[in-house]
Amino acid sequence: MTGFSFTIDGIEVEAKDGQTIMEAADAAGIYIPRLCDHEGLRHQGSCRVCTVKAGGRSVSACTQPAQPDQAVENETPHITKLRRDLVEMLFHEGNHLCPICEASGNCELQAMAYRLDMTHPTKFPYLEPSRPLDASHPDIALDTNRCITCGRCIRASEEVDGKGVFGYVGRGINRRVAVNGADLADTDAAITDFAISKEVCPVGCIIRKGIGFSTPIGEREFDTGLIGHEIEEKKRD
């Protein structure tokens, strides 16, 4: 496998043939925000929070292959505003009531809002969906009012668990994640599935019963650092 270099915000980055911009950036300790991408799952490029400028063109860093001598823009005022707008719309499309959500402090959407300095009232209307809560399974519940349709549970169930419990139904603004049965209890989903693990769902949509609010404030995933800090620490090392 041959190597080459390109730049991200003027910083030279080493890459290997076949690596995406995001993969090369991660290895170099440069964090590119993302919500739908997850290590070990195929890249989807649907959330667009990882949008960068490559050769003057907007692309998703998680799917775009790195190219020799390419100039990539990652942190510019324009790109940061674009990402903030996307995250704001995700908040407005669902019901994300952080103070009463058991994912608070461990939620990647919430953490991304902090990272992008989303601290003021926004210009978008709240859609306030009212989707049914599926609590039929003895160990798992689904609150799709919080779902951001990142597809991570779908890919994890298909690619890692080999089950295909989750899938998309509907189109456009009506697209949502559904299960392959009458309800969750009618599927072969298990609490031990990778798709159900706390690292897959980036919000509070997939709920593992009996363990909500189990982590004290101050010990939650994003209480001690911004999302992406573990990648940026590689650069300091």
# chains A, B, ... in the order shown; residues from 1 in each chain; ligands from 1
>>> closest_atom_pairs(of="region 54-115 of chain A", to="region 158-180 of chain A", cutoff="12 Å", atoms="only C-alpha atoms", output="Markdown table")
| residue | atom | partner | partner_atom | distance |
| --- | --- | --- | --- | --- |
| A:Met89 | CA | A:Ile173 | CA | 11.8 |
| A:Leu90 | CA | A:Ile173 | CA | 11.5 |
| A:Glu93 | CA | A:Ile173 | CA | 8.8 |
| A:Gly94 | CA | A:Arg176 | CA | 11.0 |
>>> residues_around(residues="region 81-88 of chain A", least_positions_apart="2", cutoff="6 Å", atoms="only C-alpha atoms", output="PyMOL selection string")
chain A and resi 49+78-79+90-91+116
>>> write_last_selection(atoms="N, CA and C atoms", output="mmCIF file, in the first residue's frame")
data_model
loop_
_atom_site.group_PDB
_atom_site.id
_atom_site.type_symbol
_atom_site.label_atom_id
_atom_site.label_comp_id
_atom_site.auth_asym_id
_atom_site.auth_seq_id
_atom_site.Cartn_x
_atom_site.Cartn_y
_atom_site.Cartn_z
ATOM 1 N N VAL A 49 -22.584 16.255 8.483
ATOM 2 C CA VAL A 49 -21.879 17.074 9.470
ATOM 3 C C VAL A 49 -20.383 17.054 9.206
ATOM 4 N N HIS A 78 -17.324 29.417 7.265
ATOM 5 C CA HIS A 78 -18.415 28.938 6.416
ATOM 6 C C HIS A 78 -18.782 27.490 6.743
ATOM 7 N N ILE A 79 -17.780 26.627 6.878
ATOM 8 C CA ILE A 79 -18.051 25.221 7.154
ATOM 9 C C ILE A 79 -18.627 25.047 8.556
ATOM 10 N N LEU A 90 -31.375 19.086 13.052
ATOM 11 C CA LEU A 90 -31.604 17.782 13.678
ATOM 12 C C LEU A 90 -32.327 17.953 15.010
ATOM 13 N N PHE A 91 -31.944 18.955 15.781
ATOM 14 C CA PHE A 91 -32.649 19.226 17.031
ATOM 15 C C PHE A 91 -34.113 19.586 16.774
ATOM 16 N N LEU A 116 -19.944 22.949 18.485
ATOM 17 C CA LEU A 116 -20.197 23.936 17.437
ATOM 18 C C LEU A 116 -20.764 25.244 17.990
#
>>> closest_residue(among="A:Gly3, A:Pro138, A:Gly151, A:Pro68", to="Arg42 (chain A)", atoms="only C-alpha atoms")
A:Gly151
>>> select_by_dssp(residues="region 15-229 of chain A", states="helix (DSSP H, G or I)", output="ChimeraX atom specification")
/A:21-27,77-93,98-100,108-115,144-146,152-159,172-174,184-186,194-196,229
>>> residues_around(residues="region 216-232 of chain A", least_positions_apart="3", cutoff="7 Å", atoms="only C-alpha atoms", output="ChimeraX atom specification")
/A:26,29-31,105-106,111-112,115,235
>>> closest_residue(among="A:Asp188, A:Asp69, A:Glu39, A:Glu23", to="Gly10 (chain A)", atoms="only C-alpha atoms")
A:Asp69
>>> closest_residue(among="A:Ser130, A:Thr192, A:Thr51, A:Ser104", to="Gly204 (chain A)", atoms="only C-alpha atoms")
A:Ser104
>>> atom_distance(atom1="CA of Leu41 (chain A)", atom2="CA of Gly181 (chain A)")
23.7 Å
>>> atom_distance(atom1="CA of Cys150 (chain A)", atom2="CA of Pro33 (chain A)")
13.7 Å
>>> residues_around(residues="Ala195 (chain A)", least_positions_apart="3", cutoff="7 Å", atoms="only C-alpha atoms", output="ChimeraX atom specification")
/A:153,156-157,200
>>> residues_around(residues="Ala190 (chain A)", least_positions_apart="4", cutoff="9 Å", atoms="only C-alpha atoms", output="ChimeraX atom specification")
/A:137,139-140,196
>>> write_last_selection(atoms="all heavy atoms", output="PDB file, in the first residue's frame")
ATOM      1  N   HIS A 137     -40.281  -4.790  24.113  1.00  0.00           N
ATOM      2  CA  HIS A 137     -39.206  -5.736  24.395  1.00  0.00           C
ATOM      3  C   HIS A 137     -38.872  -5.708  25.887  1.00  0.00           C
ATOM      4  O   HIS A 137     -38.886  -4.650  26.508  1.00  0.00           O
ATOM      5  CB  HIS A 137     -37.970  -5.361  23.575  1.00  0.00           C
ATOM      6  CG  HIS A 137     -36.923  -6.399  23.489  1.00  0.00           C
ATOM      7  ND1 HIS A 137     -36.060  -6.670  24.534  1.00  0.00           N
ATOM      8  CD2 HIS A 137     -36.575  -7.259  22.489  1.00  0.00           C
ATOM      9  CE1 HIS A 137     -35.226  -7.628  24.179  1.00  0.00           C
ATOM     10  NE2 HIS A 137     -35.514  -8.004  22.942  1.00  0.00           N
ATOM     11  N   ASP A 139     -36.067  -5.922  27.404  1.00  0.00           N
ATOM     12  CA  ASP A 139     -34.792  -5.289  27.744  1.00  0.00           C
ATOM     13  C   ASP A 139     -34.518  -3.983  27.006  1.00  0.00           C
ATOM     14  O   ASP A 139     -33.586  -3.259  27.375  1.00  0.00           O
ATOM     15  CB  ASP A 139     -33.631  -6.249  27.428  1.00  0.00           C
ATOM     16  CG  ASP A 139     -33.736  -7.557  28.178  1.00  0.00           C
ATOM     17  OD1 ASP A 139     -33.999  -7.524  29.393  1.00  0.00           O
ATOM     18  OD2 ASP A 139     -33.574  -8.615  27.545  1.00  0.00           O
ATOM     19  N   ILE A 140     -35.281  -3.688  25.959  1.00  0.00           N
ATOM     20  CA  ILE A 140     -34.963  -2.568  25.071  1.00  0.00           C
ATOM     21  C   ILE A 140     -36.228  -1.774  24.768  1.00  0.00           C
ATOM     22  O   ILE A 140     -37.313  -2.345  24.624  1.00  0.00           O
ATOM     23  CB  ILE A 140     -34.371  -3.072  23.732  1.00  0.00           C
ATOM     24  CG1 ILE A 140     -33.252  -4.090  23.970  1.00  0.00           C
ATOM     25  CG2 ILE A 140     -33.865  -1.913  22.887  1.00  0.00           C
ATOM     26  CD1 ILE A 140     -32.989  -4.978  22.768  1.00  0.00           C
ATOM     27  N   ILE A 196     -27.416  -2.576  19.747  1.00  0.00           N
ATOM     28  CA  ILE A 196     -28.096  -2.062  20.938  1.00  0.00           C
ATOM     29  C   ILE A 196     -27.107  -1.442  21.918  1.00  0.00           C
ATOM     30  O   ILE A 196     -27.495  -0.772  22.863  1.00  0.00           O
ATOM     31  CB  ILE A 196     -28.886  -3.197  21.626  1.00  0.00           C
ATOM     32  CG1 ILE A 196     -29.817  -3.896  20.612  1.00  0.00           C
ATOM     33  CG2 ILE A 196     -29.718  -2.693  22.784  1.00  0.00           C
ATOM     34  CD1 ILE A 196     -30.823  -2.974  19.944  1.00  0.00           C
TER      35      ILE A 196
END
>>> atom_distance(atom1="CA of His38 (chain A)", atom2="CA of Arg146 (chain A)")
18.5 Å
>>> residues_around(residues="Val72 (chain A)", least_positions_apart="6", cutoff="9 Å", atoms="only C-alpha atoms", output="PDB file with all heavy atoms, in the first residue's frame")
ATOM      1  N   PHE A   6      -1.373  15.101   1.724  1.00  0.00           N
ATOM      2  CA  PHE A   6      -2.270  16.185   1.319  1.00  0.00           C
ATOM      3  C   PHE A   6      -2.387  17.118   2.511  1.00  0.00           C
ATOM      4  O   PHE A   6      -1.779  16.870   3.558  1.00  0.00           O
ATOM      5  CB  PHE A   6      -3.630  15.649   0.859  1.00  0.00           C
ATOM      6  CG  PHE A   6      -4.473  15.035   1.949  1.00  0.00           C
ATOM      7  CD1 PHE A   6      -5.567  15.711   2.471  1.00  0.00           C
ATOM      8  CD2 PHE A   6      -4.192  13.766   2.452  1.00  0.00           C
ATOM      9  CE1 PHE A   6      -6.347  15.160   3.470  1.00  0.00           C
ATOM     10  CE2 PHE A   6      -4.964  13.201   3.450  1.00  0.00           C
ATOM     11  CZ  PHE A   6      -6.047  13.890   3.964  1.00  0.00           C
ATOM     12  N   THR A   7      -3.115  18.209   2.388  1.00  0.00           N
ATOM     13  CA  THR A   7      -3.200  19.161   3.496  1.00  0.00           C
ATOM     14  C   THR A   7      -4.638  19.317   3.976  1.00  0.00           C
ATOM     15  O   THR A   7      -5.592  19.240   3.198  1.00  0.00           O
ATOM     16  CB  THR A   7      -2.657  20.545   3.098  1.00  0.00           C
ATOM     17  OG1 THR A   7      -3.452  21.090   2.040  1.00  0.00           O
ATOM     18  CG2 THR A   7      -1.198  20.453   2.666  1.00  0.00           C
ATOM     19  N   ILE A   8      -4.779  19.516   5.289  1.00  0.00           N
ATOM     20  CA  ILE A   8      -6.051  19.879   5.904  1.00  0.00           C
ATOM     21  C   ILE A   8      -5.831  21.191   6.640  1.00  0.00           C
ATOM     22  O   ILE A   8      -5.033  21.250   7.590  1.00  0.00           O
ATOM     23  CB  ILE A   8      -6.546  18.794   6.873  1.00  0.00           C
ATOM     24  CG1 ILE A   8      -6.757  17.461   6.140  1.00  0.00           C
ATOM     25  CG2 ILE A   8      -7.842  19.226   7.551  1.00  0.00           C
ATOM     26  CD1 ILE A   8      -7.216  16.324   7.048  1.00  0.00           C
ATOM     27  N   ASP A   9      -6.475  22.232   6.187  1.00  0.00           N
ATOM     28  CA  ASP A   9      -6.287  23.574   6.754  1.00  0.00           C
ATOM     29  C   ASP A   9      -4.813  23.949   6.798  1.00  0.00           C
ATOM     30  O   ASP A   9      -4.315  24.524   7.779  1.00  0.00           O
ATOM     31  CB  ASP A   9      -6.903  23.669   8.158  1.00  0.00           C
ATOM     32  CG  ASP A   9      -8.411  23.517   8.144  1.00  0.00           C
ATOM     33  OD1 ASP A   9      -9.026  23.837   7.115  1.00  0.00           O
ATOM     34  OD2 ASP A   9      -8.969  23.060   9.162  1.00  0.00           O
ATOM     35  N   GLY A  10      -4.101  23.575   5.748  1.00  0.00           N
ATOM     36  CA  GLY A  10      -2.700  23.935   5.620  1.00  0.00           C
ATOM     37  C   GLY A  10      -1.734  23.006   6.336  1.00  0.00           C
ATOM     38  O   GLY A  10      -0.518  23.173   6.208  1.00  0.00           O
ATOM     39  N   ILE A  21     -10.752  10.875   3.519  1.00  0.00           N
ATOM     40  CA  ILE A  21     -10.213  12.081   4.157  1.00  0.00           C
ATOM     41  C   ILE A  21     -10.338  11.959   5.668  1.00  0.00           C
ATOM     42  O   ILE A  21      -9.411  12.290   6.419  1.00  0.00           O
ATOM     43  CB  ILE A  21     -10.952  13.331   3.640  1.00  0.00           C
ATOM     44  CG1 ILE A  21     -10.618  13.578   2.171  1.00  0.00           C
ATOM     45  CG2 ILE A  21     -10.607  14.552   4.489  1.00  0.00           C
ATOM     46  CD1 ILE A  21     -11.439  14.674   1.526  1.00  0.00           C
ATOM     47  N   VAL A  52     -16.567  18.834   4.238  1.00  0.00           N
ATOM     48  CA  VAL A  52     -15.357  19.635   4.107  1.00  0.00           C
ATOM     49  C   VAL A  52     -15.307  20.153   2.670  1.00  0.00           C
ATOM     50  O   VAL A  52     -16.057  19.712   1.811  1.00  0.00           O
ATOM     51  CB  VAL A  52     -14.080  18.810   4.411  1.00  0.00           C
ATOM     52  CG1 VAL A  52     -14.065  18.362   5.860  1.00  0.00           C
ATOM     53  CG2 VAL A  52     -13.963  17.613   3.473  1.00  0.00           C
ATOM     54  N   LYS A  53     -14.401  21.074   2.426  1.00  0.00           N
ATOM     55  CA  LYS A  53     -14.124  21.522   1.065  1.00  0.00           C
ATOM     56  C   LYS A  53     -12.848  20.821   0.597  1.00  0.00           C
ATOM     57  O   LYS A  53     -11.803  20.914   1.251  1.00  0.00           O
ATOM     58  CB  LYS A  53     -13.932  23.035   1.007  1.00  0.00           C
ATOM     59  CG  LYS A  53     -15.218  23.853   1.061  1.00  0.00           C
ATOM     60  CD  LYS A  53     -15.920  23.864  -0.289  1.00  0.00           C
ATOM     61  CE  LYS A  53     -17.109  24.831  -0.295  1.00  0.00           C
ATOM     62  NZ  LYS A  53     -16.663  26.237  -0.315  1.00  0.00           N
ATOM     63  N   ALA A  54     -12.934  20.110  -0.506  1.00  0.00           N
ATOM     64  CA  ALA A  54     -11.776  19.416  -1.073  1.00  0.00           C
ATOM     65  C   ALA A  54     -11.636  19.844  -2.526  1.00  0.00           C
ATOM     66  O   ALA A  54     -12.530  19.596  -3.334  1.00  0.00           O
ATOM     67  CB  ALA A  54     -11.944  17.904  -0.976  1.00  0.00           C
ATOM     68  N   GLY A  55     -10.549  20.509  -2.825  1.00  0.00           N
ATOM     69  CA  GLY A  55     -10.381  21.029  -4.173  1.00  0.00           C
ATOM     70  C   GLY A  55     -11.448  22.031  -4.551  1.00  0.00           C
ATOM     71  O   GLY A  55     -11.841  22.135  -5.710  1.00  0.00           O
ATOM     72  N   GLY A  56     -11.951  22.752  -3.537  1.00  0.00           N
ATOM     73  CA  GLY A  56     -12.974  23.765  -3.780  1.00  0.00           C
ATOM     74  C   GLY A  56     -14.383  23.232  -3.855  1.00  0.00           C
ATOM     75  O   GLY A  56     -15.327  23.996  -4.064  1.00  0.00           O
TER      76      GLY A  56
END
>>> closest_residue(among="A:Gly210, A:Pro132, A:Pro99, A:Pro125", to="Thr144 (chain A)", atoms="only C-alpha atoms")
A:Pro132
>>> closest_residue(among="A:Leu97, A:Ala71, A:Ile206, A:Leu142", to="Glu128 (chain A)", atoms="only C-alpha atoms")
A:Leu97
>>> closest_residue(among="A:Asn74, A:Thr187, A:Gln19, A:Asn145", to="Cys101 (chain A)", atoms="only C-alpha atoms")
A:Asn145
>>> residues_around(residues="Met22 (chain A)", least_positions_apart="4", cutoff="7 Å", atoms="only C-alpha atoms", output="list in words")
Asp26, Ile32, Ala61 and Cys62 of chain A
>>> select_by_dssp(residues="region 94-235 of chain A", states="strand (DSSP E or B)", output="PyMOL selection string")
chain A and resi 133-134+140-143+166-169+176-179+206-208
>>> write_last_selection(atoms="N, CA and C atoms", output="short mmCIF file (atom, residue, chain, number, x, y, z; two decimals), in the first residue's frame")
data_model
loop_
_atom_site.label_atom_id
_atom_site.label_comp_id
_atom_site.auth_asym_id
_atom_site.auth_seq_id
_atom_site.Cartn_x
_atom_site.Cartn_y
_atom_site.Cartn_z
N LEU A 133 -43.77 5.25 21.01
CA LEU A 133 -42.68 4.65 21.77
C LEU A 133 -42.91 3.15 21.81
N ASP A 134 -41.89 2.38 21.43
CA ASP A 134 -41.98 0.93 21.42
C ASP A 134 -41.24 0.38 22.65
N ILE A 140 -35.28 -3.69 25.96
CA ILE A 140 -34.96 -2.57 25.07
C ILE A 140 -36.23 -1.77 24.77
N ALA A 141 -36.09 -0.47 24.66
CA ALA A 141 -37.18 0.40 24.21
C ALA A 141 -36.66 1.30 23.10
N LEU A 142 -37.56 1.73 22.24
CA LEU A 142 -37.21 2.64 21.15
C LEU A 142 -38.06 3.89 21.24
N ASP A 143 -37.41 5.05 21.31
CA ASP A 143 -38.11 6.32 21.24
C ASP A 143 -37.64 7.03 19.97
N PHE A 166 -33.15 -3.53 12.12
CA PHE A 166 -33.60 -2.16 11.83
C PHE A 166 -33.52 -1.86 10.33
N GLY A 167 -34.36 -0.93 9.89
CA GLY A 167 -34.32 -0.49 8.50
C GLY A 167 -35.12 0.79 8.34
N TYR A 168 -34.89 1.48 7.23
CA TYR A 168 -35.63 2.70 6.95
C TYR A 168 -36.98 2.39 6.32
N VAL A 169 -37.99 3.17 6.68
CA VAL A 169 -39.28 3.16 5.99
C VAL A 169 -39.65 4.61 5.70
N ARG A 176 -38.14 7.21 8.57
CA ARG A 176 -37.87 6.88 9.96
C ARG A 176 -37.29 5.48 10.03
N VAL A 177 -36.75 5.15 11.17
CA VAL A 177 -36.20 3.82 11.40
C VAL A 177 -37.30 2.94 11.99
N ALA A 178 -37.46 1.75 11.41
CA ALA A 178 -38.46 0.80 11.89
C ALA A 178 -37.78 -0.55 12.13
N VAL A 179 -38.52 -1.50 12.70
CA VAL A 179 -37.98 -2.83 12.98
C VAL A 179 -38.65 -3.85 12.07
N ILE A 206 -32.34 4.48 21.21
CA ILE A 206 -32.31 3.09 21.66
C ILE A 206 -32.03 3.11 23.17
N ILE A 207 -33.00 2.65 23.92
CA ILE A 207 -32.93 2.72 25.38
C ILE A 207 -32.78 1.31 25.94
N ARG A 208 -31.73 1.10 26.70
CA ARG A 208 -31.54 -0.19 27.39
C ARG A 208 -32.17 -0.07 28.77
#
